[in-house]
>>> print(open('structure-v2.cif').read())   # mmCIF, C-alpha atoms
data_query
#
loop_
_atom_site.label_atom_id
_atom_site.label_comp_id
_atom_site.auth_asym_id
_atom_site.auth_seq_id
_atom_site.Cartn_x
_atom_site.Cartn_y
_atom_site.Cartn_z
CA MET M 15 -7.00 5.03 58.23
CA GLY M 16 -3.98 4.44 56.07
CA ILE M 17 -1.42 2.27 54.43
CA LEU M 18 -0.60 0.07 57.42
CA LYS M 19 -3.97 -0.15 59.15
CA GLY M 20 -7.63 0.70 58.82
CA PRO M 21 -9.73 1.31 55.71
CA LEU M 22 -7.81 2.60 52.72
CA SER M 23 -8.85 5.73 50.82
CA GLY M 24 -6.98 7.91 48.41
CA ARG M 25 -5.58 8.20 44.92
CA ARG M 26 -3.29 6.05 42.87
CA TYR M 27 -0.57 7.56 40.71
CA ARG M 28 1.83 6.24 38.15
CA ILE M 29 5.37 7.51 38.26
CA VAL M 30 6.95 8.76 35.08
CA GLY M 31 10.73 8.59 34.79
CA ASP M 32 13.54 6.26 35.75
CA LEU M 33 15.06 5.84 39.17
CA PRO M 34 18.62 7.12 39.21
CA GLU M 35 21.52 4.68 39.73
CA GLY M 36 22.12 4.20 43.43
CA PHE M 37 18.92 6.06 44.16
CA THR M 38 18.89 5.27 47.88
CA ASP M 39 21.53 7.81 48.88
CA GLU M 40 20.08 10.38 46.53
CA PHE M 41 16.58 9.88 47.92
CA ILE M 42 17.79 10.10 51.52
CA ALA M 43 19.25 13.49 50.68
CA SER M 44 16.14 14.59 48.76
CA LEU M 45 13.74 13.51 51.50
CA ASN M 46 15.85 15.22 54.14
CA THR M 47 16.02 18.40 52.07
CA ASN M 48 12.23 18.42 51.77
CA GLN M 49 11.45 17.12 55.26
CA HIS M 50 8.84 18.89 57.31
CA ARG M 51 10.33 21.74 59.31
CA GLU M 52 8.75 23.61 62.16
CA PRO M 53 8.44 27.30 61.29
CA GLN M 54 11.29 29.33 62.79
CA SER M 55 8.94 31.81 64.41
CA PRO M 56 6.24 30.67 66.83
CA THR M 57 4.04 33.43 65.44
CA HIS M 58 4.29 32.05 61.90
CA LYS M 59 0.88 32.11 60.24
CA GLY M 60 -0.26 29.79 57.45
CA GLN M 61 0.99 26.42 56.23
CA SER M 62 4.21 24.49 56.56
CA MET M 63 4.60 21.34 54.52
CA GLY M 64 7.15 18.55 54.10
CA TRP M 65 7.85 14.83 54.44
CA CYS M 66 7.84 12.89 57.69
CA GLN M 67 7.95 9.24 58.60
CA VAL M 68 4.79 7.16 58.73
CA HIS M 69 5.64 5.77 62.16
CA ASN M 70 5.80 9.13 63.93
CA LEU M 71 5.13 12.53 62.42
CA LEU M 72 7.88 14.06 64.56
CA ASP M 73 10.49 11.87 62.85
CA VAL M 74 11.66 13.76 59.79
CA ASP M 75 15.17 12.37 59.33
CA PHE M 76 15.34 9.78 56.54
CA SER M 77 19.00 8.78 56.98
CA ASP M 78 18.05 5.32 58.26
CA VAL M 79 16.53 3.57 55.23
CA ASN M 80 15.20 0.78 57.45
CA GLN M 81 12.62 3.26 58.67
CA TRP M 82 11.10 4.02 55.26
CA LEU M 83 12.36 1.64 52.57
CA TYR M 84 10.92 -1.88 52.64
CA ASN M 85 12.28 -3.89 49.76
CA HIS M 86 10.82 -2.10 46.71
CA TYR M 87 8.28 -0.05 48.68
CA ALA M 88 9.09 3.45 49.92
CA LEU M 89 6.80 4.47 52.75
CA PHE M 90 6.61 8.03 54.05
CA ALA M 91 4.05 10.76 54.72
CA LEU M 92 3.24 14.31 53.75
CA ARG M 93 2.82 16.46 56.85
CA VAL M 94 0.92 19.71 56.54
CA ASP M 95 0.66 22.06 59.53
CA THR M 96 -1.77 24.94 59.36
CA LYS M 97 -1.76 27.69 61.95
CA THR M 98 -4.47 30.32 62.04
CA VAL M 99 -6.27 32.25 64.74
CA PRO M 100 -10.05 31.90 65.06
CA ALA M 101 -11.45 34.89 63.18
CA LYS M 102 -14.45 35.42 65.49
CA LEU M 103 -12.30 35.34 68.60
CA LEU M 104 -9.81 37.75 67.05
CA ARG M 105 -12.62 40.15 66.15
CA ALA M 106 -14.12 40.00 69.64
CA HIS M 107 -10.79 40.64 71.38
CA LEU M 108 -10.00 43.43 68.94
CA GLU M 109 -13.25 45.17 69.74
CA LYS M 110 -12.37 45.09 73.45
CA ARG M 111 -8.88 46.47 72.76
CA GLN M 112 -10.32 49.27 70.64
CA GLN M 113 -12.79 50.18 73.36
CA ALA M 114 -9.96 50.26 75.91
CA TRP M 115 -7.87 52.46 73.60
CA CYS M 116 -10.76 54.91 73.09
CA GLN M 117 -11.34 55.15 76.81
CA ALA M 118 -7.65 55.64 77.58
CA ASN M 119 -7.31 58.30 74.89
CA ASN M 120 -10.71 59.90 75.38
CA ARG M 121 -11.60 59.45 71.74
CA PRO M 122 -14.90 58.22 70.22
CA LYS M 123 -13.15 56.04 67.62
CA ALA M 124 -9.68 54.58 67.08
CA PRO M 125 -7.97 55.77 63.85
CA ALA M 126 -7.38 53.16 61.14
CA ALA M 127 -3.62 53.05 61.79
CA VAL M 128 -4.20 52.34 65.48
CA ARG M 129 -6.79 49.68 64.71
CA GLU M 130 -4.32 47.96 62.39
CA GLU M 131 -1.56 48.15 65.00
CA LEU M 132 -3.86 46.69 67.65
CA ARG M 133 -4.95 43.92 65.31
CA GLU M 134 -1.40 42.92 64.42
CA ALA M 135 -0.28 42.87 68.05
CA LEU M 136 -3.31 40.84 69.06
CA GLU M 137 -2.85 38.36 66.25
CA GLN M 138 0.79 37.80 67.23
CA GLU M 139 -0.26 37.22 70.86
CA MET M 140 -2.91 34.73 69.80
CA LEU M 141 -0.59 32.89 67.39
CA LEU M 142 1.85 32.39 70.25
CA LYS M 143 -0.85 30.54 72.19
CA THR M 144 -2.20 28.58 69.20
CA LEU M 145 -1.14 25.08 68.20
CA PRO M 146 -1.19 24.21 64.49
CA ARG M 147 -3.71 21.85 62.95
CA VAL M 148 -1.61 18.87 61.86
CA GLN M 149 -2.49 16.58 58.97
CA THR M 150 -0.52 13.62 57.66
CA MET M 151 -1.23 11.78 54.44
CA GLU M 152 0.71 8.63 53.71
CA VAL M 153 2.55 7.65 50.57
CA CYS M 154 3.34 4.08 49.55
CA TRP M 155 5.50 3.93 46.43
CA ASN M 156 6.04 0.66 44.60
CA MET M 157 9.31 1.50 42.87
CA ASN M 158 9.43 -1.70 40.81
CA ASP M 159 6.02 -1.26 39.23
CA ARG M 160 6.13 2.57 39.22
CA TRP M 161 2.92 3.32 41.02
CA LEU M 162 2.13 4.86 44.35
CA PHE M 163 -0.85 5.35 46.60
CA PHE M 164 -1.50 8.64 48.40
CA THR M 165 -4.01 8.44 51.23
CA SER M 166 -6.05 11.55 50.49
CA ASP M 167 -8.77 12.21 47.95
CA GLY M 168 -8.81 16.00 48.49
CA GLU M 169 -7.92 18.18 45.51
CA LEU M 170 -5.60 20.54 47.40
CA PRO M 171 -3.61 17.86 49.28
CA ASN M 172 -3.17 15.98 46.00
CA GLU M 173 -1.95 19.11 44.20
CA ASN M 174 0.48 19.82 47.04
CA PHE M 175 1.64 16.22 47.00
CA GLN M 176 2.31 16.21 43.24
CA LYS M 177 4.33 19.41 43.46
CA LEU M 178 6.42 18.30 46.42
CA PHE M 179 6.98 14.84 44.92
CA LEU M 180 8.31 16.37 41.70
CA ARG M 181 10.50 18.79 43.64
CA THR M 182 11.86 16.00 45.84
CA PHE M 183 12.49 13.19 43.38
CA GLY M 184 12.48 14.90 39.98
CA LEU M 185 9.79 12.40 38.88
CA ARG M 186 6.22 13.14 37.87
CA ALA M 187 3.30 11.51 39.65
CA ILE M 188 0.29 11.28 37.32
CA PRO M 189 -3.19 10.37 38.63
CA TRP M 190 -3.85 6.81 37.56
CA SER M 191 -7.14 5.31 38.67
CA PRO M 192 -8.60 2.18 37.05
CA LEU M 193 -10.49 4.59 34.79
CA ASP M 194 -7.24 6.18 33.61
CA GLU M 195 -5.98 2.71 32.72
CA LEU M 196 -9.11 2.18 30.71
CA ALA M 197 -8.74 5.53 28.97
CA ALA M 198 -5.23 4.58 27.89
CA THR M 199 -6.55 1.57 25.93
CA ASP M 200 -6.15 2.16 22.19
CA GLY M 201 -9.39 3.12 20.50
CA LEU M 202 -11.59 2.67 23.56
CA PRO M 203 -12.17 6.35 24.43
CA GLU M 204 -13.36 6.99 20.86
CA ALA M 205 -15.61 3.92 20.95
CA LEU M 206 -17.16 5.04 24.24
CA VAL M 207 -17.70 8.57 22.94
CA SER M 208 -19.45 7.31 19.82
CA ALA M 209 -21.58 4.91 21.91
CA GLY M 210 -23.50 7.95 23.23
CA THR M 211 -25.31 8.19 26.54
CA THR M 212 -27.88 5.92 28.09
CA ASP M 213 -31.27 7.14 29.18
CA LEU M 214 -33.24 4.57 31.11
CA ARG M 215 -36.32 6.70 31.33
CA GLY M 216 -37.59 5.14 28.10
CA GLN M 217 -36.18 7.40 25.38
CA GLY M 218 -33.38 5.10 24.21
CA ASP M 219 -29.82 6.24 23.71
CA LEU M 220 -29.41 9.96 23.30
CA ARG M 221 -26.30 10.46 21.26
CA GLY M 222 -24.32 13.50 22.23
CA ALA M 223 -26.34 14.30 25.36
CA GLY M 224 -24.06 14.98 28.33
CA ARG M 225 -24.40 13.85 31.90
CA MET W 20 0.00 19.01 36.72
CA SER W 21 -1.50 16.37 34.40
CA GLU W 22 -4.92 15.07 35.23
CA GLY W 23 -4.29 11.56 33.96
CA ALA W 24 -6.12 10.11 31.00
CA THR W 25 -9.77 10.26 32.08
CA GLU W 26 -10.39 13.51 30.21
CA LEU W 27 -10.36 11.40 27.03
CA LEU W 28 -13.50 9.61 28.18
CA PRO W 29 -17.08 10.91 28.15
CA ALA W 30 -18.05 12.28 31.58
CA HIS W 31 -20.90 9.79 32.01
CA VAL W 32 -18.70 6.68 31.86
CA SER W 33 -18.19 6.33 35.61
CA ALA W 34 -21.92 6.71 36.37
CA ASP W 35 -22.73 4.17 33.63
CA PHE W 36 -20.17 1.80 35.13
CA TYR W 37 -21.66 2.06 38.63
CA LEU W 38 -25.15 1.47 37.24
CA TRP W 39 -23.99 -1.48 35.13
CA LEU W 40 -22.18 -3.05 38.08
CA TRP W 41 -25.24 -2.61 40.30
CA PHE W 42 -27.50 -4.06 37.58
CA ARG W 43 -25.19 -6.96 36.79
CA SER W 44 -24.64 -7.79 40.46
CA GLU W 45 -28.39 -8.29 40.81
CA SER W 46 -29.16 -9.86 37.45
CA LEU W 47 -26.27 -12.33 37.74
CA GLY W 48 -26.94 -13.04 41.38
CA GLY W 49 -23.62 -11.44 42.21
CA HIS W 50 -21.61 -13.95 40.16
CA PHE W 51 -19.06 -12.62 37.70
CA SER W 52 -16.38 -14.34 35.71
CA ILE W 53 -13.30 -12.18 35.28
CA GLU W 54 -10.73 -12.16 32.51
CA ASP W 55 -8.42 -14.82 33.93
CA GLY W 56 -11.41 -17.18 34.12
CA SER W 57 -11.75 -17.02 37.89
CA ALA W 58 -14.96 -16.31 39.76
CA LEU W 59 -15.76 -13.06 41.50
CA GLU W 60 -18.82 -12.20 43.56
CA VAL W 61 -19.98 -8.59 43.65
CA TYR W 62 -22.91 -7.21 45.66
CA VAL W 63 -24.10 -3.73 46.51
CA ASP W 64 -23.13 -3.41 50.16
CA ASP W 65 -24.66 -0.78 52.43
CA ARG W 66 -24.42 2.60 50.74
CA LEU W 67 -25.70 4.06 47.50
CA ALA W 68 -25.58 7.74 46.54
CA LEU W 69 -27.24 9.15 43.45
CA ARG W 70 -27.10 12.60 41.93
CA ASP W 71 -29.14 14.49 39.41
CA ALA W 72 -27.64 14.32 35.93
CA GLY W 73 -25.37 17.32 35.47
CA GLU W 74 -25.02 17.95 39.21
CA GLU W 75 -22.08 17.15 41.46
CA ARG W 76 -23.70 16.69 44.87
CA PRO W 77 -25.63 13.54 45.65
CA THR W 78 -29.32 14.20 46.18
CA THR W 79 -30.38 10.69 47.15
CA LEU W 80 -28.46 8.75 49.77
CA LEU W 81 -29.55 5.25 50.74
CA THR W 82 -27.85 3.29 53.49
CA GLY W 83 -28.50 0.01 55.29
CA ASP W 84 -28.69 -3.54 54.00
CA SER W 85 -28.88 -3.91 50.20
CA PRO W 86 -29.97 -0.36 49.37
CA GLY W 87 -29.85 -1.28 45.67
CA THR W 88 -32.93 -3.46 46.01
CA THR W 89 -35.13 -0.70 47.40
CA PRO W 90 -37.92 0.90 45.35
CA GLU W 91 -36.43 4.31 46.23
CA ALA W 92 -33.18 3.46 44.49
CA ARG W 93 -34.86 2.25 41.30
CA ALA W 94 -37.31 5.14 41.32
CA ALA W 95 -34.40 7.56 41.50
CA VAL W 96 -32.80 5.98 38.41
CA LEU W 97 -36.08 5.91 36.54
CA GLY W 98 -36.44 9.58 37.44
CA GLY W 99 -33.15 10.35 35.71
CA LYS W 100 -30.69 10.22 38.62
CA VAL W 101 -27.31 8.55 38.19
CA PRO W 102 -25.10 6.78 40.73
CA LYS W 103 -22.30 8.88 42.18
CA GLU W 104 -20.92 6.37 44.64
CA ILE W 105 -21.75 2.81 45.60
CA ARG W 106 -20.26 0.64 48.32
CA PHE W 107 -19.68 -2.90 47.09
CA LEU W 108 -18.78 -6.18 48.65
CA MET W 109 -16.43 -8.18 46.43
CA ARG W 110 -15.43 -11.74 47.20
CA ARG W 111 -12.68 -13.67 45.42
CA GLU W 112 -11.80 -17.11 46.77
CA ASP W 113 -11.70 -16.57 50.53
CA ARG W 114 -10.90 -12.86 50.34
CA GLU W 115 -13.68 -10.38 50.98
CA TYR W 116 -13.38 -6.67 50.16
CA HIS W 117 -15.72 -3.88 51.15
CA VAL W 118 -15.06 -0.82 49.02
CA THR W 119 -16.74 2.38 47.96
CA LEU W 120 -16.26 3.30 44.31
CA ARG W 121 -16.93 6.96 43.83
CA GLY W 122 -16.63 9.98 41.62
CA GLU W 123 -15.81 10.49 37.99
CA ARG W 124 -12.40 8.86 38.35
CA VAL W 125 -13.75 5.67 39.95
CA GLY W 126 -11.80 6.32 43.13
CA ILE W 127 -11.36 3.71 45.82
CA ALA W 128 -12.51 4.82 49.27
CA GLY W 129 -12.94 3.22 52.68
CA ALA W 130 -11.53 -0.07 51.41
CA LYS W 131 -11.61 -2.78 54.05
CA LEU W 132 -8.89 -5.18 52.99
CA PRO W 133 -8.80 -8.90 53.85
CA THR W 134 -5.32 -8.85 55.34
CA GLN W 135 -3.75 -11.84 57.04
CA VAL W 136 -0.97 -10.07 58.96
CA LYS W 137 -2.38 -7.80 61.64
CA THR W 138 0.60 -7.33 63.95
CA GLY W 139 4.35 -7.77 63.87
CA GLU W 140 7.01 -6.47 61.53
CA VAL W 141 6.07 -3.36 59.55
CA ALA W 142 7.47 -4.92 56.38
CA GLU W 143 5.25 -8.00 56.68
CA ILE W 144 2.14 -5.90 57.33
CA LEU W 145 3.00 -3.65 54.38
CA TYR W 146 3.59 -6.50 51.89
CA ASP W 147 0.35 -8.16 52.94
CA ARG W 148 -1.69 -4.94 52.68
CA MET W 149 -0.22 -4.01 49.33
CA PHE W 150 -0.82 -7.51 47.96
CA VAL W 151 -4.53 -7.31 48.67
CA TYR W 152 -4.75 -3.63 47.65
CA GLU W 153 -3.19 -4.59 44.30
CA GLU W 154 -5.71 -7.37 43.90
CA LEU W 155 -8.57 -4.98 44.64
CA HIS W 156 -7.24 -2.47 42.11
CA TRP W 157 -6.94 -5.27 39.54
CA LEU W 158 -10.48 -6.52 40.23
CA VAL W 159 -11.94 -3.04 39.74
CA SER W 160 -9.91 -2.68 36.54
CA CYS W 161 -11.18 -6.07 35.29
CA LEU W 162 -14.78 -5.07 35.96
CA LEU W 163 -14.25 -1.74 34.23
CA ARG W 164 -12.81 -3.46 31.16
CA GLN W 165 -15.73 -5.89 31.11
CA PHE W 166 -18.15 -2.97 31.34
CA ALA W 167 -16.32 -0.98 28.65
CA ALA W 168 -16.40 -3.91 26.22
CA GLU W 169 -20.19 -4.20 26.65
CA ARG W 170 -20.73 -0.45 26.68
CA ALA W 171 -18.92 0.09 23.39
CA SER W 172 -20.55 -2.86 21.65
CA GLU W 173 -23.73 -2.94 19.60
CA SER W 174 -25.29 -5.22 22.20
CA TRP W 175 -25.44 -2.35 24.69
CA ARG W 176 -28.40 -0.69 23.05
CA ALA W 177 -29.88 -3.84 21.56
CA THR W 178 -29.73 -6.03 24.66
CA VAL W 179 -28.31 -4.46 27.81
CA VAL W 180 -30.42 -1.30 27.92
CA PRO W 181 -33.70 -3.24 27.46
CA GLN W 182 -32.56 -5.65 30.20
CA MET W 183 -31.83 -2.73 32.49
CA ARG W 184 -35.22 -1.20 31.80
CA ALA W 185 -36.89 -4.51 32.54
CA TRP W 186 -34.88 -4.81 35.77
CA LEU W 187 -35.88 -1.33 36.88
CA GLY W 188 -39.47 -1.74 35.71
CA ALA W 189 -39.97 -5.08 37.40
CA LEU W 190 -39.16 -3.67 40.76
CA ASP W 191 -41.07 -0.50 40.10
CA ALA W 192 -44.15 -2.57 39.20
CA GLY W 193 -43.57 -4.81 42.21
CA ALA W 194 -43.39 -1.79 44.49
CA SER W 195 -46.56 -0.28 42.99
CA GLY W 196 -48.38 -3.54 43.29
CA GLY W 197 -47.57 -3.75 46.96
#
>>> encode(input="structure-v2.cif", output="structure tokens")
Amino acid sequence: MGILKGPLSGRRYRIVGDLPEGFTDEFIASLNTNQHREPQSPTHKGQSMGWCQVHNLLDVDFSDVNQWLYNHYALFALRVDTKTVPAKLLRAHLEKRQQAWCQANNRPKAPAAVREELREALEQEMLLKTLPRVQTMEVCWNMNDRWLFFTSDGELPNENFQKLFLRTFGLRAIPWSPLDELAATDGLPEALVSAGTTDLRGQGDLRGAGR
Amino acid sequence: MSEGATELLPAHVSADFYLWLWFRSESLGGHFSIEDGSALEVYVDDRLALRDAGEERPTTLLTGDSPGTTPEARAAVLGGKVPKEIRFLMRREDREYHVTLRGERVGIAGAKLPTQVKTGEVAEILYDRMFVYEELHWLVSCLLRQFAAERASESWRATVVPQMRAWLGALDAGASGG
């Protein structure tokens, strides 16, 4: 599912601000600065986020504009990697380690400091063997008409996208669905508020009642 | 981060829009005339989700052919439920769109676009897809404007609401009568 094939889902934004003169070179540098980077440590836990190309999520170099700029459309993707260890598996292994420690040390229970040490060591071991969960969400930016489409409807991905877009390009992306267009029509929001709500159960319009 | 402009509108607008579009698609036989004078056909496709007023999660989900014509769908509305998402088929000239409109922002989801270019240069595929996506966005915007003009007018309460009640009641009576 995405910009180039399959059903299309996601949110539309309008872009506030002007493109800088000779923006191409500037945007190459900005995209490369904010490209997705693999964490330096293989035991890194949590999220890593940055831009990649739509054609292959391993391609994160934007120097060749032919790979992401098509006339007035910029096409790229937000890549988010998330690495965690399965909590239940960690707990089960930890229990075994604690039992082994108690047996080796002839103690009924491992002290808190030892338990924490065992947990940290185990988590590092498991992170080494764990691959991240990789998500990509595509961005198609019409730079002439100042709108873009982001192929996710999730709140968190959209928040992350807005922040990274602002950091990368210095331009604000504001959610802009057909309903936002409607809301920007002079006088219409007030007219719709004063029109009240509709109740089809037979009571007529109930002014002021919320839905 | 800004949340756009929808916070200026009453929260029920999107649900009213979905209901109006469902009602109009049946009462007009699917035939709309949009603001540039061209014809547009709109039908409820194969999915309809309704929620209780004031709730977020849908509590009634109807799928299959023309779920909008089922007694269950009308009974849910008569019982006070409001549409949360509806999948529509829209046809303009020879282009046919299947799209789910959902949520308070009237989001576009699962849009099947009538593209011409399926393979070849990325640029050609992209221009073709964005052309039809733009048309879909414009069509939804046109329908929303048409709805808003009716919704904010005096004729809403005087004419449209009674028509909607009759539309719901006719089917309800038909269902009761066997």
>>> resolve_selection(input="structure-v2.cif", expression="the PyMOL selection byres ((chain W) within 8 of (chain M))", output="PyMOL selection string")
chain W and resi 20-25+27-33+35+72-73+96-99+124-132+141-142+144-145+148+156+159-160+163-164+167+170-172+176+180+183-184
>>> resolve_selection(input="structure-v2.cif", expression="the PyMOL selection byres ((chain M and resi 78) around 12)", output="MDAnalysis selection string")
chainID M and resid 38:39 41:43 45:46 67 73:77 79:84
>>> atom_distance(input="structure-v2.cif", atom1="atom CA of Gln61 of chain M", atom2="atom CA of Asp95 of chain M")
5.5 Å
>>> resolve_selection(input="structure-v2.cif", expression="the PyMOL selection byres ((chain M and resi 125-140) around 10)", output="list in words")
Pro56, Thr57, His58, Lys59, Thr98, Val99, Pro100, Ala101, Leu103, Leu104, Arg105, His107, Leu108, Glu109, Arg111, Gln112, Trp115, Cys116, Arg121, Pro122, Lys123, Ala124, Leu141, Leu142, Lys143, Thr144 and Leu145 of chain M
>>> axis_aligned_box(input="structure-v2.cif", around="segment 67-83 of chain W", padding_each_side="8 Å", output="AutoDock Vina command-line options")
--center_x -26.2 --center_y 9.0 --center_z 45.4 --size_x 24.3 --size_y 33.9 --size_z 35.8
>>> residues_near_point(input="structure-v2.cif", point="(14.6, 19.0, 45.9)", cutoff="12 Å", atoms="only C-alpha atoms", output="PyMOL selection string")
chain M and resi 40-49+64-65+177-185
>>> atom_distance(input="structure-v2.cif", atom1="atom CA of Pro77 of chain W", atom2="atom CA of Thr150 of chain M")
27.8 Å
>>> residues_around(input="structure-v2.cif", residues="segment 109-119 of chain W", least_positions_apart="5", cutoff="12 Å", atoms="only C-alpha atoms", output="PyMOL selection string")
(chain M and resi 21-24) or (chain W and resi 37+40+44+49-53+56-68+102-104+125-135+150-159+162)
>>> residues_around(input="structure-v2.cif", residues="Asp71 of chain W", least_positions_apart="6", cutoff="7 Å", atoms="only C-alpha atoms", output="PyMOL selection string")
chain W and resi 78+99-101
>>> closest_residue(input="structure-v2.cif", among="M:Ile29, M:Ala106, M:Met63, M:Leu72", to="Trp155 of chain M", atoms="all atoms listed in the file")
M:Ile29
>>> atom_distance(input="structure-v2.cif", atom1="atom CA of Ala168 of chain W", atom2="atom CA of Gly87 of chain W")
23.8 Å
>>> closest_residue(input="structure-v2.cif", among="M:Ala114, M:Leu162, M:Leu170, M:Val153", to="Cys66 of chain M", atoms="only C-alpha atoms")
M:Val153
>>> closest_residue(input="structure-v2.cif", among="W:Ala95, W:Ile105, W:Cys161, W:Leu38", to="Val179 of chain W", atoms="all atoms listed in the file")
W:Leu38
>>> residues_around(input="structure-v2.cif", residues="Thr96 of chain M", least_positions_apart="2", cutoff="6 Å", atoms="all atoms listed in the file", output="list in words")
Gly60, Gln61, Pro146 and Arg147 of chain M
>>> write_last_selection(input="structure-v2.cif", atoms="C-alpha atoms", output="PDB file, in the coordinates of the input")
ATOM      1  CA  GLY M  60      -0.260  29.790  57.450  1.00  0.00           C
ATOM      2  CA  GLN M  61       0.990  26.420  56.230  1.00  0.00           C
ATOM      3  CA  PRO M 146      -1.190  24.210  64.490  1.00  0.00           C
ATOM      4  CA  ARG M 147      -3.710  21.850  62.950  1.00  0.00           C
TER       5      ARG M 147
END
